[in-house]
>>> print(open('entry_24.tsv').read())   # TSV, C-alpha atoms
chain	number	residue	atom	x	y	z
E	1479	MET	CA	-0.24	14.21	-1.54
E	1480	GLY	CA	1.23	10.84	-0.72
E	1481	ALA	CA	-0.38	9.37	-3.81
E	1482	SER	CA	1.07	12.18	-5.97
E	1483	VAL	CA	4.59	11.47	-4.68
E	1484	ARG	CA	4.05	7.76	-5.40
E	1485	TRP	CA	2.99	8.58	-8.96
E	1486	SER	CA	5.97	10.92	-9.55
E	1487	MET	CA	8.39	8.26	-8.33
E	1488	GLY	CA	6.75	5.73	-10.62
E	1489	GLU	CA	7.23	8.07	-13.59
E	1490	ALA	CA	10.88	8.65	-12.65
E	1491	VAL	CA	11.93	5.02	-12.12
E	1492	GLN	CA	10.42	2.55	-14.48
E	1493	ASP	CA	12.91	-0.09	-15.56
E	1494	GLY	CA	14.24	-3.29	-14.06
E	1495	SER	CA	12.55	-6.53	-13.04
E	1496	LEU	CA	11.36	-5.25	-9.65
E	1497	PRO	CA	9.01	-2.25	-9.25
E	1498	TRP	CA	11.62	-0.17	-7.37
E	1499	ALA	CA	9.55	3.01	-7.11
E	1500	LEU	CA	6.65	1.10	-5.54
E	1501	LEU	CA	8.98	-0.66	-3.09
E	1502	LEU	CA	10.76	2.59	-2.19
E	1503	GLY	CA	7.42	4.33	-1.57
E	1504	ASN	CA	6.34	1.44	0.65
E	1505	VAL	CA	9.61	1.50	2.63
E	1506	LEU	CA	9.50	5.27	3.14
E	1507	GLY	CA	5.83	5.17	4.16
E	1508	CYS	CA	6.40	2.33	6.62
E	1509	ALA	CA	9.43	4.08	8.16
E	1510	LEU	CA	7.56	7.36	8.59
E	1511	LEU	CA	4.59	5.53	10.15
E	1512	GLY	CA	7.03	3.77	12.52
E	1513	VAL	CA	8.24	7.16	13.78
E	1514	LEU	CA	4.69	8.51	14.10
E	1515	VAL	CA	3.46	5.54	16.10
E	1516	VAL	CA	6.11	6.27	18.72
E	1517	ARG	CA	6.28	10.08	18.66
E	1518	GLY	CA	3.21	11.44	16.91
E	1519	ASP	CA	0.05	12.76	18.50
E	1520	VAL	CA	-3.40	11.66	17.33
E	1521	VAL	CA	-3.77	14.43	14.74
E	1522	ARG	CA	-0.39	13.69	13.13
E	1523	ARG	CA	-1.11	9.98	13.12
E	1524	GLU	CA	-4.41	10.57	11.32
E	1525	LEU	CA	-3.18	13.18	8.81
E	1526	VAL	CA	0.36	12.05	8.08
E	1527	GLY	CA	0.11	8.38	9.04
E	1528	LEU	CA	-3.26	7.41	7.62
E	1529	GLY	CA	-3.38	10.10	4.92
E	1530	PHE	CA	0.13	10.69	3.58
E	1531	CYS	CA	1.77	7.33	4.38
E	1532	GLY	CA	-1.34	5.43	3.35
E	1533	GLY	CA	-1.40	7.23	0.00
E	1534	LEU	CA	2.36	6.97	-0.54
E	1535	THR	CA	2.31	3.21	-0.02
E	1536	SER	CA	0.18	0.85	-2.06
E	1537	MET	CA	-0.92	-2.71	-1.50
E	1538	SER	CA	-2.79	-3.01	-4.79
E	1539	GLY	CA	0.40	-2.08	-6.70
E	1540	VAL	CA	2.27	-4.95	-5.06
E	1541	ALA	CA	-0.62	-7.38	-5.62
E	1542	LEU	CA	-0.89	-6.42	-9.32
E	1543	ALA	CA	2.87	-6.74	-9.92
E	1544	VAL	CA	2.85	-10.18	-8.28
E	1545	ALA	CA	-0.23	-11.25	-10.26
E	1546	ILE	CA	1.42	-10.12	-13.53
E	1547	ASP	CA	4.56	-12.13	-12.65
E	1548	LEU	CA	2.38	-15.20	-12.04
E	1549	ASP	CA	0.40	-14.56	-15.21
E	1550	THR	CA	3.52	-14.34	-17.35
E	1551	GLY	CA	4.93	-17.56	-15.93
E	1552	SER	CA	7.57	-16.14	-13.58
E	1553	PRO	CA	6.61	-17.52	-10.16
E	1554	ALA	CA	10.17	-17.02	-8.89
E	1555	ASP	CA	9.98	-13.27	-9.58
E	1556	ALA	CA	6.58	-13.21	-7.85
E	1557	ALA	CA	7.97	-14.94	-4.74
E	1558	VAL	CA	10.99	-12.60	-4.62
E	1559	LEU	CA	8.73	-9.56	-4.89
E	1560	VAL	CA	6.43	-10.72	-2.06
E	1561	ALA	CA	9.44	-11.45	0.17
E	1562	VAL	CA	11.22	-8.18	-0.61
E	1563	ALA	CA	8.05	-6.11	-0.13
E	1564	LEU	CA	7.18	-7.70	3.23
E	1565	VAL	CA	10.70	-7.80	4.68
E	1566	SER	CA	11.64	-4.26	3.59
E	1567	GLY	CA	8.35	-2.80	4.86
E	1568	VAL	CA	8.44	-4.50	8.26
E	1569	ALA	CA	12.17	-3.80	8.69
E	1570	ALA	CA	11.71	-0.11	7.82
E	1571	PHE	CA	8.80	0.21	10.28
E	1572	ALA	CA	10.63	-1.61	13.10
E	1573	ALA	CA	13.93	0.23	12.58
E	1574	ALA	CA	12.27	3.65	12.46
E	1575	ALA	CA	10.13	2.89	15.53
E	1576	SER	CA	13.14	1.71	17.49
E	1577	LEU	CA	15.21	4.77	16.52
E	1578	ALA	CA	12.33	7.06	17.47
E	1579	ARG	CA	11.97	5.28	20.82
E	1580	ARG	CA	15.68	5.71	21.51
E	1581	GLY	CA	15.45	9.39	20.60
E	1582	ALA	CA	12.42	9.83	22.86
E	1583	THR	CA	14.11	8.62	26.06
H	314	MET	CA	7.04	15.09	-13.43
H	315	ILE	CA	3.52	14.36	-12.53
H	316	ALA	CA	1.12	15.58	-15.19
H	317	SER	CA	0.61	14.16	-18.63
H	318	THR	CA	-2.12	16.79	-19.01
H	319	PRO	CA	-3.61	19.20	-16.45
H	320	LEU	CA	-6.93	17.33	-16.61
H	321	VAL	CA	-5.29	13.99	-15.80
H	322	ALA	CA	-3.35	15.59	-12.94
H	323	ALA	CA	-6.47	17.25	-11.51
H	324	ALA	CA	-8.51	14.04	-11.78
H	325	PHE	CA	-5.65	12.14	-10.14
H	326	VAL	CA	-5.53	14.46	-7.13
H	327	VAL	CA	-9.32	14.46	-6.65
H	328	LEU	CA	-9.65	10.68	-6.95
H	329	ALA	CA	-6.61	9.97	-4.78
H	330	GLY	CA	-8.19	12.19	-2.13
H	331	ALA	CA	-11.46	10.27	-2.47
H	332	GLY	CA	-9.64	6.93	-2.15
H	333	THR	CA	-7.90	8.13	1.01
H	334	VAL	CA	-11.16	9.33	2.58
H	335	VAL	CA	-12.96	6.06	1.80
H	336	ARG	CA	-10.04	4.06	3.23
H	337	ALA	CA	-10.03	6.17	6.41
H	338	GLU	CA	-13.82	5.84	6.84
H	339	VAL	CA	-13.85	2.07	6.28
H	340	GLY	CA	-10.87	1.72	8.63
H	341	HIS	CA	-12.54	3.70	11.40
H	342	ARG	CA	-15.79	1.78	11.07
H	343	ALA	CA	-14.53	-1.76	10.60
H	344	ASN	CA	-11.13	-1.99	12.30
H	345	ARG	CA	-11.23	-3.37	15.84
H	346	ASP	CA	-8.34	-3.90	18.22
H	347	GLY	CA	-6.40	-6.87	16.90
H	348	ARG	CA	-8.83	-7.35	13.99
H	349	PRO	CA	-8.03	-4.94	11.15
H	350	LEU	CA	-10.93	-6.04	8.95
H	351	GLY	CA	-11.36	-2.62	7.34
H	352	THR	CA	-7.77	-2.47	6.06
H	353	PHE	CA	-8.09	-6.08	4.90
H	354	ALA	CA	-11.29	-5.27	2.98
H	355	VAL	CA	-10.01	-2.12	1.19
H	356	ASN	CA	-6.79	-3.87	0.19
H	357	ILE	CA	-8.62	-6.81	-1.40
H	358	THR	CA	-11.24	-4.61	-3.10
H	359	GLY	CA	-8.53	-2.30	-4.45
H	360	SER	CA	-6.39	-5.18	-5.73
H	361	LEU	CA	-9.36	-6.63	-7.63
H	362	ALA	CA	-10.17	-3.17	-9.06
H	363	LEU	CA	-6.55	-2.55	-10.10
H	364	GLY	CA	-6.46	-5.89	-11.90
H	365	LEU	CA	-9.62	-4.89	-13.80
H	366	ILE	CA	-8.29	-1.40	-14.59
H	367	ALA	CA	-4.74	-2.42	-15.59
H	368	GLY	CA	-5.67	-3.08	-19.20
H	369	LEU	CA	-7.63	0.13	-19.80
H	370	GLY	CA	-4.79	2.27	-21.13
H	371	ASP	CA	-2.60	5.12	-19.97
H	372	ALA	CA	-4.74	7.96	-18.68
H	373	TRP	CA	-7.42	5.70	-17.16
H	374	THR	CA	-4.86	3.47	-15.49
H	375	THR	CA	-3.13	6.54	-14.08
H	376	VAL	CA	-6.23	8.29	-12.78
H	377	LEU	CA	-8.27	5.30	-11.58
H	378	GLY	CA	-5.46	2.81	-10.91
H	379	ALA	CA	-2.65	4.86	-9.40
H	380	GLY	CA	-4.99	7.58	-8.10
H	381	LEU	CA	-8.24	6.19	-6.73
H	382	VAL	CA	-7.26	2.57	-6.12
H	383	GLY	CA	-3.63	3.25	-5.16
H	384	ALA	CA	-4.86	5.58	-2.42
H	385	LEU	CA	-7.71	3.25	-1.42
H	386	THR	CA	-5.23	0.49	-0.58
H	387	THR	CA	-2.33	0.88	1.83
H	388	PHE	CA	0.83	-0.99	2.68
H	389	SER	CA	2.08	1.09	5.63
H	390	THR	CA	-1.10	0.65	7.71
H	391	PHE	CA	-0.95	-3.09	7.01
H	392	VAL	CA	2.69	-3.26	8.20
H	393	GLY	CA	1.86	-1.12	11.25
H	394	GLU	CA	-0.99	-3.47	12.19
H	395	VAL	CA	1.25	-6.53	11.77
H	396	ALA	CA	3.90	-4.94	14.00
H	397	SER	CA	1.34	-4.05	16.66
H	398	LEU	CA	-0.03	-7.62	16.67
H	399	VAL	CA	3.52	-9.01	17.08
H	400	GLU	CA	4.26	-6.54	19.90
H	401	SER	CA	1.15	-7.53	21.80
H	402	GLY	CA	2.24	-11.17	21.62
H	403	GLU	CA	-0.32	-12.26	19.01
H	404	ARG	CA	2.20	-13.81	16.64
H	405	ALA	CA	-0.18	-16.41	15.21
H	406	ARG	CA	-2.76	-13.77	14.35
H	407	ALA	CA	-0.04	-11.57	12.80
H	408	ALA	CA	1.14	-14.45	10.60
H	409	THR	CA	-2.43	-15.27	9.59
H	410	TYR	CA	-3.04	-11.62	8.71
H	411	VAL	CA	0.11	-11.45	6.52
H	412	VAL	CA	-0.66	-14.67	4.66
H	413	ALA	CA	-4.35	-13.84	4.25
H	414	THR	CA	-3.69	-10.32	2.97
H	415	MET	CA	-0.95	-11.24	0.50
H	416	GLY	CA	-2.82	-14.32	-0.71
H	417	ALA	CA	-6.19	-12.64	-1.08
H	418	CYS	CA	-4.83	-9.46	-2.68
H	419	VAL	CA	-2.73	-11.31	-5.25
H	420	ALA	CA	-5.65	-13.63	-6.01
H	421	ALA	CA	-7.98	-10.62	-6.38
H	422	ALA	CA	-5.55	-8.77	-8.71
H	423	TRP	CA	-5.09	-11.92	-10.77
H	424	LEU	CA	-8.86	-12.39	-10.98
H	425	GLY	CA	-9.22	-8.79	-12.13
H	426	LEU	CA	-6.56	-9.26	-14.81
H	427	THR	CA	-8.22	-12.44	-16.01
H	428	LEU	CA	-11.72	-10.93	-16.14
H	429	SER	CA	-10.68	-7.74	-17.94
>>> encode(input="entry_24.tsv", output="structure tokens")
Amino acid sequence: MGASVRWSMGEAVQDGSLPWALLLGNVLGCALLGVLVVRGDVVRRELVGLGFCGGLTSMSGVALAVAIDLDTGSPADAAVLVAVALVSGVAAFAAAASLARRGAT
Amino acid sequence: MIASTPLVAAAFVVLAGAGTVVRAEVGHRANRDGRPLGTFAVNITGSLALGLIAGLGDAWTTVLGAGLVGALTTFSTFVGEVASLVESGERARAATYVVATMGACVAAAWLGLTLS
């Protein structure tokens, strides 16, 4: 299911220099996993966290987009993409986890 | 919307499911506390495969690339593991994991592109 949503988003948003659909899927998946780590039970973490979030997000998509940037002689685009992907993913996870923690107390 | 043809959509769903199951199995078997080797391995394997598949053409790239390999690799689990390493005070290991994953996956995807 996560992978299907990722594909639909990719079909919907396809222009621009950055792969926005891929990045958005990664951010959403990381945020949802952040909430689950704090509030989810084991079953939810397995099904939604490992299954849905894991399928919604994609590491190979990021790696391929970066490799294509390097291949076509745009190392600056490649560096920006790596930085944006890492920072947005970690920030989404941390922000969602901290909000969930606040809500839990 | 999702389907170019019903066959492509059906193959996508089946293969994405298979990718997810393989990733979960490898993760359960190979990931240890503080050493997420399973996630590391599926991400590198998938990046190499996606590089190889990228030139195949529309339906194949969709079904095998976005479906099987997209679901085999994961970004959210990777980020979750990095965050958990940082929280348990293992900053050096977290940094190593980030650099190793990004470096190895990009290198693998590039190798795949070059070989295909």
>>> interface_residues(input="entry_24.tsv", of="chain E", to="chain H", cutoff="9 Å", atoms="all atoms listed in the file", output="PyMOL selection string")
chain E and resi 1479-1487+1489-1490+1504-1512+1515+1524+1527-1546+1548-1549+1560+1564+1567-1568+1571-1572
>>> atom_distance(input="entry_24.tsv", atom1="CA of Ala1574 in chain E", atom2="CA of Arg345 in chain H")
24.8 Å
>>> atom_distance(input="entry_24.tsv", atom1="CA of Leu1496 in chain E", atom2="CA of Ala1578 in chain E")
29.8 Å
>>> closest_residue(input="entry_24.tsv", among="E:Leu1577, E:Val1520, E:Ala1563, E:Val1558", to="Ala1499 in chain E", atoms="all atoms listed in the file")
E:Ala1563
>>> atom_distance(input="entry_24.tsv", atom1="CA of Asp346 in chain H", atom2="CA of Val1513 in chain E")
20.4 Å
>>> decode(input="entry_24.tsv", residues="range 1493-1580 of chain E", atoms="C-alpha atoms", output="tab-separated table (two decimals), in the first residue's frame")
chain	number	residue	atom	x	y	z
E	1493	ASP	CA	8.50	18.22	-13.04
E	1494	GLY	CA	11.19	20.38	-11.50
E	1495	SER	CA	14.85	19.75	-10.75
E	1496	LEU	CA	14.22	17.92	-7.46
E	1497	PRO	CA	12.16	14.70	-7.20
E	1498	TRP	CA	9.47	16.33	-5.02
E	1499	ALA	CA	7.14	13.33	-4.88
E	1500	LEU	CA	9.96	11.08	-3.65
E	1501	LEU	CA	11.03	13.64	-1.04
E	1502	LEU	CA	7.43	14.18	0.12
E	1503	GLY	CA	6.89	10.43	0.45
E	1504	ASN	CA	10.10	10.16	2.48
E	1505	VAL	CA	9.12	13.05	4.77
E	1506	LEU	CA	5.61	11.68	5.38
E	1507	GLY	CA	6.94	8.17	6.02
E	1508	CYS	CA	9.59	9.42	8.45
E	1509	ALA	CA	7.05	11.57	10.33
E	1510	LEU	CA	4.57	8.71	10.66
E	1511	LEU	CA	7.35	6.38	11.87
E	1512	GLY	CA	8.37	9.04	14.42
E	1513	VAL	CA	4.85	8.98	15.89
E	1514	LEU	CA	4.72	5.17	15.89
E	1515	VAL	CA	8.04	4.80	17.68
E	1516	VAL	CA	6.65	6.84	20.56
E	1517	ARG	CA	2.99	5.78	20.63
E	1518	GLY	CA	2.59	2.59	18.62
E	1519	ASP	CA	2.45	-0.95	19.93
E	1520	VAL	CA	4.52	-3.75	18.39
E	1521	VAL	CA	1.87	-4.77	15.86
E	1522	ARG	CA	1.39	-1.21	14.56
E	1523	ARG	CA	5.13	-0.68	14.38
E	1524	GLU	CA	5.52	-3.83	12.28
E	1525	LEU	CA	2.51	-3.31	9.98
E	1526	VAL	CA	2.41	0.45	9.58
E	1527	GLY	CA	6.01	1.32	10.41
E	1528	LEU	CA	7.93	-1.42	8.63
E	1529	GLY	CA	5.26	-2.17	6.00
E	1530	PHE	CA	3.50	1.06	5.04
E	1531	CYS	CA	6.21	3.63	5.90
E	1532	GLY	CA	8.94	1.39	4.51
E	1533	GLY	CA	7.06	1.04	1.23
E	1534	LEU	CA	6.08	4.72	1.06
E	1535	THR	CA	9.68	5.84	1.47
E	1536	SER	CA	12.47	4.77	-0.84
E	1537	MET	CA	16.22	4.84	-0.49
E	1538	SER	CA	16.91	3.45	-3.96
E	1539	GLY	CA	14.90	6.32	-5.52
E	1540	VAL	CA	17.12	8.87	-3.78
E	1541	ALA	CA	20.30	6.98	-4.69
E	1542	LEU	CA	19.27	6.73	-8.36
E	1543	ALA	CA	18.33	10.43	-8.60
E	1544	VAL	CA	21.69	11.39	-7.06
E	1545	ALA	CA	23.57	9.00	-9.37
E	1546	ILE	CA	21.78	10.47	-12.43
E	1547	ASP	CA	22.73	14.00	-11.30
E	1548	LEU	CA	26.37	12.89	-10.99
E	1549	ASP	CA	26.21	11.08	-14.33
E	1550	THR	CA	24.87	14.13	-16.14
E	1551	GLY	CA	27.55	16.38	-14.68
E	1552	SER	CA	25.51	18.22	-12.04
E	1553	PRO	CA	27.32	17.47	-8.77
E	1554	ALA	CA	25.78	20.55	-7.14
E	1555	ASP	CA	22.25	19.21	-7.74
E	1556	ALA	CA	23.39	15.85	-6.36
E	1557	ALA	CA	24.75	17.45	-3.17
E	1558	VAL	CA	21.59	19.53	-2.69
E	1559	LEU	CA	19.42	16.44	-3.10
E	1560	VAL	CA	21.41	14.41	-0.54
E	1561	ALA	CA	21.28	17.29	1.95
E	1562	VAL	CA	17.56	17.98	1.44
E	1563	ALA	CA	16.65	14.28	1.66
E	1564	LEU	CA	18.63	13.69	4.88
E	1565	VAL	CA	17.68	16.91	6.67
E	1566	SER	CA	13.97	16.75	5.78
E	1567	GLY	CA	13.71	13.06	6.75
E	1568	VAL	CA	15.49	13.41	10.09
E	1569	ALA	CA	13.66	16.66	10.91
E	1570	ALA	CA	10.26	15.11	10.11
E	1571	PHE	CA	11.03	12.05	12.27
E	1572	ALA	CA	12.33	14.12	15.20
E	1573	ALA	CA	9.51	16.69	15.06
E	1574	ALA	CA	6.80	14.03	14.87
E	1575	ALA	CA	8.38	11.99	17.70
E	1576	SER	CA	8.65	15.05	19.92
E	1577	LEU	CA	5.03	16.08	19.24
E	1578	ALA	CA	3.85	12.55	19.96
E	1579	ARG	CA	5.84	12.51	23.21
E	1580	ARG	CA	4.29	15.81	24.28
